[in-house]
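Structure file data-v6.tsv (TSV, C-alpha atoms and all ligand atoms) is printed below.
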chain	number	residue	atom	x	y	z
A	740	MET	CA	8.24	-17.83	-11.07
A	741	LEU	CA	6.86	-14.65	-12.59
A	742	ASN	CA	3.70	-15.36	-14.59
A	743	LEU	CA	4.19	-13.13	-17.63
A	744	LEU	CA	0.75	-13.80	-19.02
A	745	ASN	CA	-0.91	-12.59	-15.84
A	746	LEU	CA	1.50	-9.66	-15.54
A	747	ASN	CA	0.68	-8.47	-19.04
A	748	THR	CA	-3.06	-8.90	-18.54
A	749	ILE	CA	-2.88	-6.82	-15.37
A	750	ARG	CA	-0.65	-4.20	-16.96
A	751	ASN	CA	-3.09	-3.69	-19.78
A	752	LEU	CA	-5.89	-3.13	-17.31
A	753	VAL	CA	-3.93	-0.99	-14.87
A	754	LYS	CA	-2.54	1.27	-17.63
A	755	ASP	CA	-1.37	4.56	-16.12
A	756	LYS	CA	-2.25	3.65	-12.53
A	757	THR	CA	0.52	2.47	-10.22
A	758	LEU	CA	1.03	-1.28	-10.17
A	759	ILE	CA	2.82	-2.37	-7.03
A	760	ALA	CA	4.15	-5.91	-7.27
A	761	VAL	CA	3.91	-7.41	-3.80
A	762	THR	CA	7.05	-9.49	-3.44
A	763	LYS	CA	6.47	-10.84	0.08
A	764	TYR	CA	6.05	-14.41	-1.20
A	765	VAL	CA	9.01	-14.46	-3.56
A	766	GLY	CA	12.76	-14.02	-3.82
A	767	ASP	CA	15.60	-13.30	-6.15
A	768	ASN	CA	14.40	-14.84	-9.39
A	769	GLU	CA	11.04	-13.15	-9.30
A	770	ILE	CA	12.42	-9.77	-8.28
A	771	LYS	CA	14.96	-9.86	-11.08
A	772	ALA	CA	12.27	-10.88	-13.55
A	773	LEU	CA	10.04	-8.00	-12.40
A	774	LEU	CA	12.85	-5.48	-12.84
A	775	ALA	CA	13.61	-6.90	-16.28
A	776	GLU	CA	9.95	-6.26	-17.14
A	777	GLY	CA	10.28	-2.67	-15.99
A	778	ILE	CA	8.29	-3.11	-12.79
A	779	TYR	CA	10.03	-0.94	-10.19
A	780	ASN	CA	7.26	-0.43	-7.66
A	781	LEU	CA	7.65	-3.25	-5.14
A	782	GLY	CA	5.67	-3.86	-1.95
A	783	GLU	CA	6.59	-5.64	1.26
A	784	ASN	CA	4.62	-6.14	4.47
A	785	ARG	CA	7.16	-7.23	7.09
A	786	ALA	CA	9.78	-4.82	8.42
A	787	ASN	CA	12.60	-7.36	8.76
A	788	ILE	CA	12.18	-8.86	5.32
A	789	PHE	CA	11.68	-5.40	3.86
A	790	LEU	CA	15.06	-4.34	5.27
A	791	GLU	CA	16.80	-7.45	3.99
A	792	LYS	CA	15.47	-6.85	0.50
A	793	VAL	CA	16.25	-3.13	0.53
A	794	GLN	CA	19.84	-3.92	1.43
A	795	LYS	CA	20.12	-6.68	-1.14
A	796	TYR	CA	18.71	-4.66	-4.05
A	797	GLN	CA	20.37	-1.29	-3.59
A	798	ASN	CA	20.90	1.26	-6.34
A	799	LEU	CA	18.58	-0.43	-8.81
A	800	GLY	CA	15.97	2.32	-8.80
A	801	ILE	CA	13.36	0.30	-6.92
A	802	HIS	CA	10.52	2.33	-5.44
A	803	TRP	CA	9.70	0.59	-2.13
A	804	HIS	CA	6.16	0.52	-0.78
A	805	PHE	CA	5.63	-0.64	2.78
A	806	ILE	CA	2.12	-2.08	2.84
A	807	GLY	CA	1.85	-4.08	6.07
A	808	HIS	CA	1.17	-3.32	9.69
A	809	LEU	CA	4.17	-1.41	11.02
A	810	GLN	CA	5.23	-1.90	14.64
A	811	SER	CA	6.57	1.30	16.23
A	812	ASN	CA	9.75	-0.40	17.41
A	813	LYS	CA	10.70	-1.22	13.80
A	814	VAL	CA	10.39	2.34	12.52
A	815	LYS	CA	13.86	3.57	13.37
A	816	SER	CA	15.68	0.84	11.44
A	817	MET	CA	13.66	0.93	8.25
A	818	ILE	CA	11.67	4.12	7.78
A	819	ASN	CA	14.33	5.99	5.82
A	820	HIS	CA	14.26	3.26	3.17
A	821	VAL	CA	10.51	3.53	2.58
A	822	ASP	CA	9.34	5.48	-0.47
A	823	VAL	CA	5.61	5.23	0.29
A	824	LEU	CA	3.91	4.01	3.46
A	825	HIS	CA	0.46	2.48	2.93
A	826	SER	CA	-0.36	1.64	6.55
A	827	LEU	CA	-0.41	4.79	8.67
A	828	ASP	CA	-3.07	3.94	11.24
A	829	ARG	CA	-2.25	5.53	14.59
A	830	ILE	CA	-0.69	8.60	16.18
A	831	SER	CA	1.94	6.62	18.08
A	832	LEU	CA	3.26	5.48	14.69
A	833	ALA	CA	3.21	9.05	13.34
A	834	LYS	CA	5.24	10.15	16.38
A	835	GLU	CA	7.85	7.51	15.79
A	836	ILE	CA	8.09	8.43	12.10
A	837	GLN	CA	8.41	12.11	12.97
A	838	LYS	CA	11.31	11.24	15.27
A	839	HIS	CA	13.32	9.12	12.85
A	840	ARG	CA	12.44	10.08	9.30
A	841	GLU	CA	14.80	12.44	7.51
A	842	GLU	CA	12.68	13.51	4.53
A	843	VAL	CA	8.95	13.97	4.16
A	844	LEU	CA	7.26	10.57	3.82
A	845	PRO	CA	4.27	10.14	1.51
A	846	CYS	CA	1.67	8.11	3.43
A	847	PHE	CA	-1.71	6.52	2.91
A	848	ILE	CA	-4.02	6.50	5.91
A	849	GLU	CA	-5.13	2.90	6.36
A	850	VAL	CA	-8.84	2.45	6.92
A	851	ASN	CA	-10.55	-0.73	8.04
A	852	ILE	CA	-13.14	-0.97	5.28
A	853	SER	CA	-14.12	-4.61	5.74
A	854	GLY	CA	-15.21	-4.08	9.34
A	855	GLU	CA	-13.38	-7.26	10.34
A	856	PRO	CA	-11.89	-6.87	13.83
A	857	SER	CA	-8.78	-8.81	12.78
A	858	LYS	CA	-7.88	-6.12	10.24
A	859	HIS	CA	-5.77	-3.07	10.92
A	860	GLY	CA	-6.72	0.46	10.03
A	861	LEU	CA	-8.86	3.23	11.42
A	862	LYS	CA	-12.58	3.02	11.65
A	863	PRO	CA	-13.98	5.24	8.89
A	864	GLU	CA	-15.65	7.53	11.44
A	865	ASN	CA	-12.28	8.19	13.11
A	866	VAL	CA	-10.41	9.25	10.00
A	867	LYS	CA	-11.23	12.95	10.25
A	868	THR	CA	-9.90	13.41	13.78
A	869	PHE	CA	-6.82	11.41	12.94
A	870	TYR	CA	-6.14	13.33	9.74
A	871	ASN	CA	-6.46	16.62	11.65
A	872	LYS	CA	-3.92	15.55	14.24
A	873	LEU	CA	-1.41	14.73	11.52
A	874	ILE	CA	-1.08	18.43	10.71
A	875	ASP	CA	1.43	18.62	13.58
A	876	TYR	CA	3.72	16.05	11.93
A	877	ASP	CA	5.68	17.70	9.17
A	878	LYS	CA	7.49	14.51	8.15
A	879	ILE	CA	4.17	12.99	7.15
A	880	GLN	CA	2.47	13.90	3.91
A	881	VAL	CA	-0.94	12.28	3.55
A	882	ILE	CA	-1.44	11.38	-0.11
A	883	GLY	CA	-4.55	9.24	0.20
A	884	PHE	CA	-6.36	6.31	1.73
A	885	MET	CA	-5.63	2.59	1.76
A	886	GLY	CA	-8.02	-0.25	2.46
A	887	MET	CA	-8.45	-3.99	2.07
A	888	ALA	CA	-11.80	-5.40	1.08
A	889	LYS	CA	-13.00	-8.62	2.64
A	890	HIS	CA	-11.48	-11.63	0.91
A	891	THR	CA	-14.59	-13.00	-0.74
A	892	GLY	CA	-16.04	-13.91	-4.10
A	893	ASP	CA	-18.98	-11.61	-3.43
A	894	ALA	CA	-18.40	-8.68	-5.79
A	895	LEU	CA	-21.20	-6.62	-4.25
A	896	LEU	CA	-19.65	-6.85	-0.80
A	897	ILE	CA	-16.23	-5.93	-2.17
A	898	LYS	CA	-17.78	-2.88	-3.85
A	899	GLN	CA	-19.47	-1.85	-0.62
A	900	ASN	CA	-16.13	-2.06	1.18
A	901	PHE	CA	-14.28	0.00	-1.46
A	902	GLU	CA	-17.13	2.51	-1.54
A	903	ILE	CA	-16.20	3.57	2.00
A	904	LEU	CA	-12.74	4.58	0.76
A	905	VAL	CA	-14.15	6.31	-2.32
A	906	LYS	CA	-16.47	8.36	-0.09
A	907	LEU	CA	-13.62	9.37	2.21
A	908	LYS	CA	-11.63	10.45	-0.81
A	909	SER	CA	-14.36	12.69	-2.17
A	910	GLU	CA	-15.04	14.15	1.26
A	911	PHE	CA	-11.39	15.04	1.87
A	912	ASP	CA	-10.72	16.09	-1.72
A	913	ALA	CA	-13.39	18.75	-1.27
A	914	LEU	CA	-12.33	19.67	2.26
A	915	LEU	CA	-8.65	20.11	1.46
A	916	SER	CA	-8.84	21.03	-2.24
A	917	MET	CA	-6.53	18.26	-3.25
A	918	GLU	CA	-6.75	15.00	-5.14
A	919	HIS	CA	-6.24	12.09	-2.77
A	920	LYS	CA	-5.01	8.77	-4.09
A	921	LEU	CA	-6.59	5.40	-3.41
A	922	SER	CA	-4.53	2.34	-2.56
A	923	MET	CA	-6.96	-0.49	-3.10
A	924	GLY	CA	-7.13	-3.75	-5.01
A	925	MET	CA	-5.28	-7.04	-4.61
A	926	SER	CA	-5.19	-10.23	-6.69
A	927	ASN	CA	-8.74	-11.15	-5.76
A	928	ASP	CA	-10.39	-7.79	-6.40
A	929	TYR	CA	-8.16	-5.53	-8.49
A	930	LYS	CA	-10.62	-5.31	-11.38
A	931	ILE	CA	-13.34	-3.98	-9.09
A	932	ALA	CA	-10.85	-1.63	-7.45
A	933	LEU	CA	-9.86	-0.22	-10.83
A	934	GLU	CA	-13.48	0.34	-11.82
A	935	MET	CA	-13.94	2.27	-8.59
A	936	GLY	CA	-11.02	4.61	-9.14
A	937	SER	CA	-8.06	2.96	-7.47
A	938	THR	CA	-4.75	4.66	-8.23
A	939	HIS	CA	-2.44	2.15	-6.50
A	940	LEU	CA	-2.96	-1.58	-6.98
A	941	ARG	CA	-1.09	-3.91	-4.62
A	942	ILE	CA	-0.89	-7.23	-6.39
A	943	GLY	CA	1.00	-10.33	-5.31
A	944	SER	CA	-0.07	-13.94	-5.66
A	945	ILE	CA	-1.63	-13.72	-9.11
A	946	LEU	CA	1.68	-12.49	-10.55
A	947	PHE	CA	3.47	-15.60	-9.37
A	948	GLU	CA	0.86	-18.29	-9.83
A	949	GLU	CA	1.76	-21.31	-11.97
A	950	GLU	CA	0.70	-21.18	-15.58
A	951	THR	CA	-2.16	-23.58	-16.16
B	1	LIG	C1	-0.12	-9.53	0.60
B	1	LIG	C2	-0.74	-8.22	0.45
B	1	LIG	C3	-1.22	-7.79	-0.80
B	1	LIG	C4	-1.20	-8.67	-2.03
B	1	LIG	O1	-2.12	-9.69	-1.88
B	1	LIG	P1	-2.40	-10.75	-3.06
B	1	LIG	O2	-3.71	-11.32	-2.70
B	1	LIG	O3	-1.30	-11.75	-2.98
B	1	LIG	O4	-2.42	-10.02	-4.34
B	1	LIG	C5	-1.76	-6.52	-0.88
B	1	LIG	N1	-1.83	-5.70	0.19
B	1	LIG	C6	-1.39	-6.08	1.41
B	1	LIG	C7	-1.49	-5.12	2.54
B	1	LIG	C8	-0.82	-7.35	1.57
B	1	LIG	O5	-0.38	-7.71	2.78

Show me the file's structure as structure tokens.
Ligand SMILES: *Cc1c(COP(=O)(O)O)cnc(C)c1O
Amino acid sequence: MLNLLNLNTIRNLVKDKTLIAVTKYVGDNEIKALLAEGIYNLGENRANIFLEKVQKYQNLGIHWHFIGHLQSNKVKSMINHVDVLHSLDRISLAKEIQKHREEVLPCFIEVNISGEPSKHGLKPENVKTFYNKLIDYDKIQVIGFMGMAKHTGDALLIKQNFEILVKLKSEFDALLSMEHKLSMGMSNDYKIALEMGSTHLRIGSILFEEET
């Protein structure tokens, strides 16, 4: 069930930033409720389920964000349905996108900001080389950086993680004379992410938690 109280609290905080409702845990009822509330930015993290949902909810004006790790062998079947990709993290993926994508795809470069080996994303020190190589791929338009902070209650640690992304943004804003966007903040840490300049919040579980 959609938790309207939490949705409205988040909306008031997020204001003019982009709120992406992550629908990976939920189905029909919740998606319909989100659309009825005017939430059209939806996020999914698994290629197969993404495709199922895209096909099920056609022509409704949904703006689809793919936020999870994307295997190269899934690209062909789904990439032309993606509106924004949040998880560009390797050249082999860029190559596959270049091959199959029809229009230019807005992408976030995913950076591993928590330092956890289990997490996807580039090491911060490798972002520059990677970004440079992307110049050869005209189907890819880098719009900013995406990262996931460690899942912890330690606000200071979360801030330190997000700070890495904020630094990359200011470095590349200056280098390329453009305003990069920041995809950061989930249920656990969206308030901190907002304080630190996030432009795209990817929020799931808290939107669907039972009212207490
Ligand atoms: C699931 C997921 C989210 C949302 O996480 P919640 O903690 O449920 O808000 C955000 N980003 C990514 C990449 C995810 O996989």

Interatomic distance (Å, one decimal) between atom CA of Asn812 of chain A and atom CA of Lys889 of chain A | 28.3 Å

Distance query Asn768 of chain A at most 9 Å, all atoms listed in the file, self and fewer than 3 positions along chain excluded, as a PDB file with C-alpha atoms, keeping the file's coordinate frame:
ATOM      1  CA  MET A 740       8.240 -17.830 -11.070  1.00  0.00           C
ATOM      2  CA  LEU A 741       6.860 -14.650 -12.590  1.00  0.00           C
ATOM      3  CA  VAL A 765       9.010 -14.460  -3.560  1.00  0.00           C
ATOM      4  CA  LYS A 771      14.960  -9.860 -11.080  1.00  0.00           C
ATOM      5  CA  ALA A 772      12.270 -10.880 -13.550  1.00  0.00           C
ATOM      6  CA  LEU A 773      10.040  -8.000 -12.400  1.00  0.00           C
TER       7      LEU A 773
END

Which distance in Å separates atom CA of Asp755 of chain A and atom CA of Thr938 of chain A, to one decimal?
-> 8.6 Å

Write out as a ChimeraX atom specification each polymer residue whose atoms come within 8 Å of Thr762 of chain A, counting only C-alpha atoms; drop sequence neighbours fewer than 4 positions from it.
-> /A:766,769-770,781-783,943

Interface rows for segment 758-866 of chain A against segment 899-909 of chain A: nearest pair, Å to one decimal, 8 Å, only C-alpha atoms, as a tab-separated table:
residue	atom	partner	partner_atom	distance
A:Val850	CA	A:Leu904	CA	7.6
A:Ile852	CA	A:Asn900	CA	5.2
A:Ser853	CA	A:Asn900	CA	5.6
A:Pro863	CA	A:Ile903	CA	7.4

Within 9 Å of ligand LIG 1 (chain B), which residues show up when you count only C-alpha atoms and all ligand atoms? List them as a PyMOL selection string, please.
-> chain A and resi 759-764+782-785+805-808+825-826+885-887+890+922-929+940-947

Using only C-alpha atoms, the shortest atom-to-atom distance to Ile879 of chain A among A:Ala833, A:Val753, A:Leu790, A:Met817 belongs to A:Ala833

Expected answer as a ChimeraX atom specification: all residues with atoms within 12 Å of (-5.2, 10.5, 11.6), only C-alpha atoms = /A:826-834,846-850,860-876,879-881,883-884

For atom CA of Leu744 of chain A and atom CA of Lys756 of chain A, quote the distance in Å rounded to one decimal.
->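 Taking atom CA of Leu744 of chain A and atom CA of Lys756 of chain A, their separation equals 18.9 Å.
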
Which of these residues is nearest to Met935 of chain A, using only C-alpha atoms: A:Ile897, A:Ala786, A:Ala913, A:Leu809?
->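 Of the candidates, the smallest distance to Met935 of chain A is held by A:Ile897.
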
Where atoms are absent from segment 922-947 of chain A, fill them in so it carries N, CA and C atoms, then output it as a PDB file, in the frame of the given file.
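Wrote out-v4.pdb, looks like this:
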ATOM      1  N   SER A 922      -5.276   3.591  -2.499  1.00  0.00           N
ATOM      2  CA  SER A 922      -4.530   2.340  -2.560  1.00  0.00           C
ATOM      3  C   SER A 922      -5.502   1.217  -2.252  1.00  0.00           C
ATOM      4  N   MET A 923      -6.030   0.615  -3.303  1.00  0.00           N
ATOM      5  CA  MET A 923      -6.960  -0.490  -3.100  1.00  0.00           C
ATOM      6  C   MET A 923      -6.923  -1.445  -4.281  1.00  0.00           C
ATOM      7  N   GLY A 924      -7.139  -2.712  -3.988  1.00  0.00           N
ATOM      8  CA  GLY A 924      -7.130  -3.750  -5.010  1.00  0.00           C
ATOM      9  C   GLY A 924      -5.947  -4.681  -4.849  1.00  0.00           C
ATOM     10  N   MET A 925      -6.276  -5.983  -4.725  1.00  0.00           N
ATOM     11  CA  MET A 925      -5.280  -7.040  -4.610  1.00  0.00           C
ATOM     12  C   MET A 925      -5.632  -8.101  -5.677  1.00  0.00           C
ATOM     13  N   SER A 926      -4.949  -9.222  -5.643  1.00  0.00           N
ATOM     14  CA  SER A 926      -5.190 -10.230  -6.690  1.00  0.00           C
ATOM     15  C   SER A 926      -6.671 -10.570  -6.859  1.00  0.00           C
ATOM     16  N   ASN A 927      -7.349 -10.697  -5.743  1.00  0.00           N
ATOM     17  CA  ASN A 927      -8.740 -11.150  -5.760  1.00  0.00           C
ATOM     18  C   ASN A 927      -9.723 -10.092  -6.281  1.00  0.00           C
ATOM     19  N   ASP A 928      -9.371  -8.815  -6.169  1.00  0.00           N
ATOM     20  CA  ASP A 928     -10.390  -7.790  -6.400  1.00  0.00           C
ATOM     21  C   ASP A 928      -9.869  -6.570  -7.170  1.00  0.00           C
ATOM     22  N   TYR A 929      -8.746  -6.723  -7.864  1.00  0.00           N
ATOM     23  CA  TYR A 929      -8.160  -5.530  -8.490  1.00  0.00           C
ATOM     24  C   TYR A 929      -9.021  -4.964  -9.617  1.00  0.00           C
ATOM     25  N   LYS A 930      -9.779  -5.835 -10.288  1.00  0.00           N
ATOM     26  CA  LYS A 930     -10.620  -5.310 -11.380  1.00  0.00           C
ATOM     27  C   LYS A 930     -11.704  -4.394 -10.825  1.00  0.00           C
ATOM     28  N   ILE A 931     -12.311  -4.815  -9.735  1.00  0.00           N
ATOM     29  CA  ILE A 931     -13.340  -3.980  -9.090  1.00  0.00           C
ATOM     30  C   ILE A 931     -12.702  -2.685  -8.590  1.00  0.00           C
ATOM     31  N   ALA A 932     -11.536  -2.821  -7.981  1.00  0.00           N
ATOM     32  CA  ALA A 932     -10.850  -1.630  -7.450  1.00  0.00           C
ATOM     33  C   ALA A 932     -10.568  -0.616  -8.554  1.00  0.00           C
ATOM     34  N   LEU A 933     -10.143  -1.112  -9.698  1.00  0.00           N
ATOM     35  CA  LEU A 933      -9.860  -0.220 -10.830  1.00  0.00           C
ATOM     36  C   LEU A 933     -11.123   0.498 -11.295  1.00  0.00           C
ATOM     37  N   GLU A 934     -12.199  -0.261 -11.411  1.00  0.00           N
ATOM     38  CA  GLU A 934     -13.480   0.340 -11.820  1.00  0.00           C
ATOM     39  C   GLU A 934     -13.886   1.452 -10.863  1.00  0.00           C
ATOM     40  N   MET A 935     -13.498   1.303  -9.593  1.00  0.00           N
ATOM     41  CA  MET A 935     -13.940   2.270  -8.590  1.00  0.00           C
ATOM     42  C   MET A 935     -12.931   3.389  -8.363  1.00  0.00           C
ATOM     43  N   GLY A 936     -11.903   3.449  -9.196  1.00  0.00           N
ATOM     44  CA  GLY A 936     -11.020   4.610  -9.140  1.00  0.00           C
ATOM     45  C   GLY A 936      -9.724   4.423  -8.387  1.00  0.00           C
ATOM     46  N   SER A 937      -9.347   3.176  -8.143  1.00  0.00           N
ATOM     47  CA  SER A 937      -8.060   2.960  -7.470  1.00  0.00           C
ATOM     48  C   SER A 937      -6.924   3.577  -8.270  1.00  0.00           C
ATOM     49  N   THR A 938      -5.939   4.131  -7.555  1.00  0.00           N
ATOM     50  CA  THR A 938      -4.750   4.660  -8.230  1.00  0.00           C
ATOM     51  C   THR A 938      -3.522   3.798  -7.960  1.00  0.00           C
ATOM     52  N   HIS A 939      -3.566   2.997  -6.889  1.00  0.00           N
ATOM     53  CA  HIS A 939      -2.440   2.150  -6.500  1.00  0.00           C
ATOM     54  C   HIS A 939      -2.938   0.728  -6.234  1.00  0.00           C
ATOM     55  N   LEU A 940      -2.546  -0.184  -7.117  1.00  0.00           N
ATOM     56  CA  LEU A 940      -2.960  -1.580  -6.980  1.00  0.00           C
ATOM     57  C   LEU A 940      -1.821  -2.361  -6.349  1.00  0.00           C
ATOM     58  N   ARG A 941      -2.128  -3.114  -5.309  1.00  0.00           N
ATOM     59  CA  ARG A 941      -1.090  -3.910  -4.620  1.00  0.00           C
ATOM     60  C   ARG A 941      -1.330  -5.383  -4.934  1.00  0.00           C
ATOM     61  N   ILE A 942      -0.567  -5.899  -5.859  1.00  0.00           N
ATOM     62  CA  ILE A 942      -0.890  -7.230  -6.390  1.00  0.00           C
ATOM     63  C   ILE A 942       0.278  -8.191  -6.192  1.00  0.00           C
ATOM     64  N   GLY A 943      -0.024  -9.329  -5.577  1.00  0.00           N
ATOM     65  CA  GLY A 943       1.000 -10.330  -5.310  1.00  0.00           C
ATOM     66  C   GLY A 943       0.727 -11.659  -5.979  1.00  0.00           C
ATOM     67  N   SER A 944       0.009 -12.517  -5.284  1.00  0.00           N
ATOM     68  CA  SER A 944      -0.070 -13.940  -5.660  1.00  0.00           C
ATOM     69  C   SER A 944      -0.361 -14.206  -7.129  1.00  0.00           C
ATOM     70  N   ILE A 945      -1.238 -13.430  -7.729  1.00  0.00           N
ATOM     71  CA  ILE A 945      -1.630 -13.720  -9.110  1.00  0.00           C
ATOM     72  C   ILE A 945      -0.450 -13.536 -10.082  1.00  0.00           C
ATOM     73  N   LEU A 946       0.510 -12.711  -9.685  1.00  0.00           N
ATOM     74  CA  LEU A 946       1.680 -12.490 -10.550  1.00  0.00           C
ATOM     75  C   LEU A 946       2.624 -13.695 -10.554  1.00  0.00           C
ATOM     76  N   PHE A 947       2.498 -14.516  -9.527  1.00  0.00           N
ATOM     77  CA  PHE A 947       3.470 -15.600  -9.370  1.00  0.00           C
ATOM     78  C   PHE A 947       2.828 -16.964  -9.458  1.00  0.00           C
TER      79      PHE A 947
END
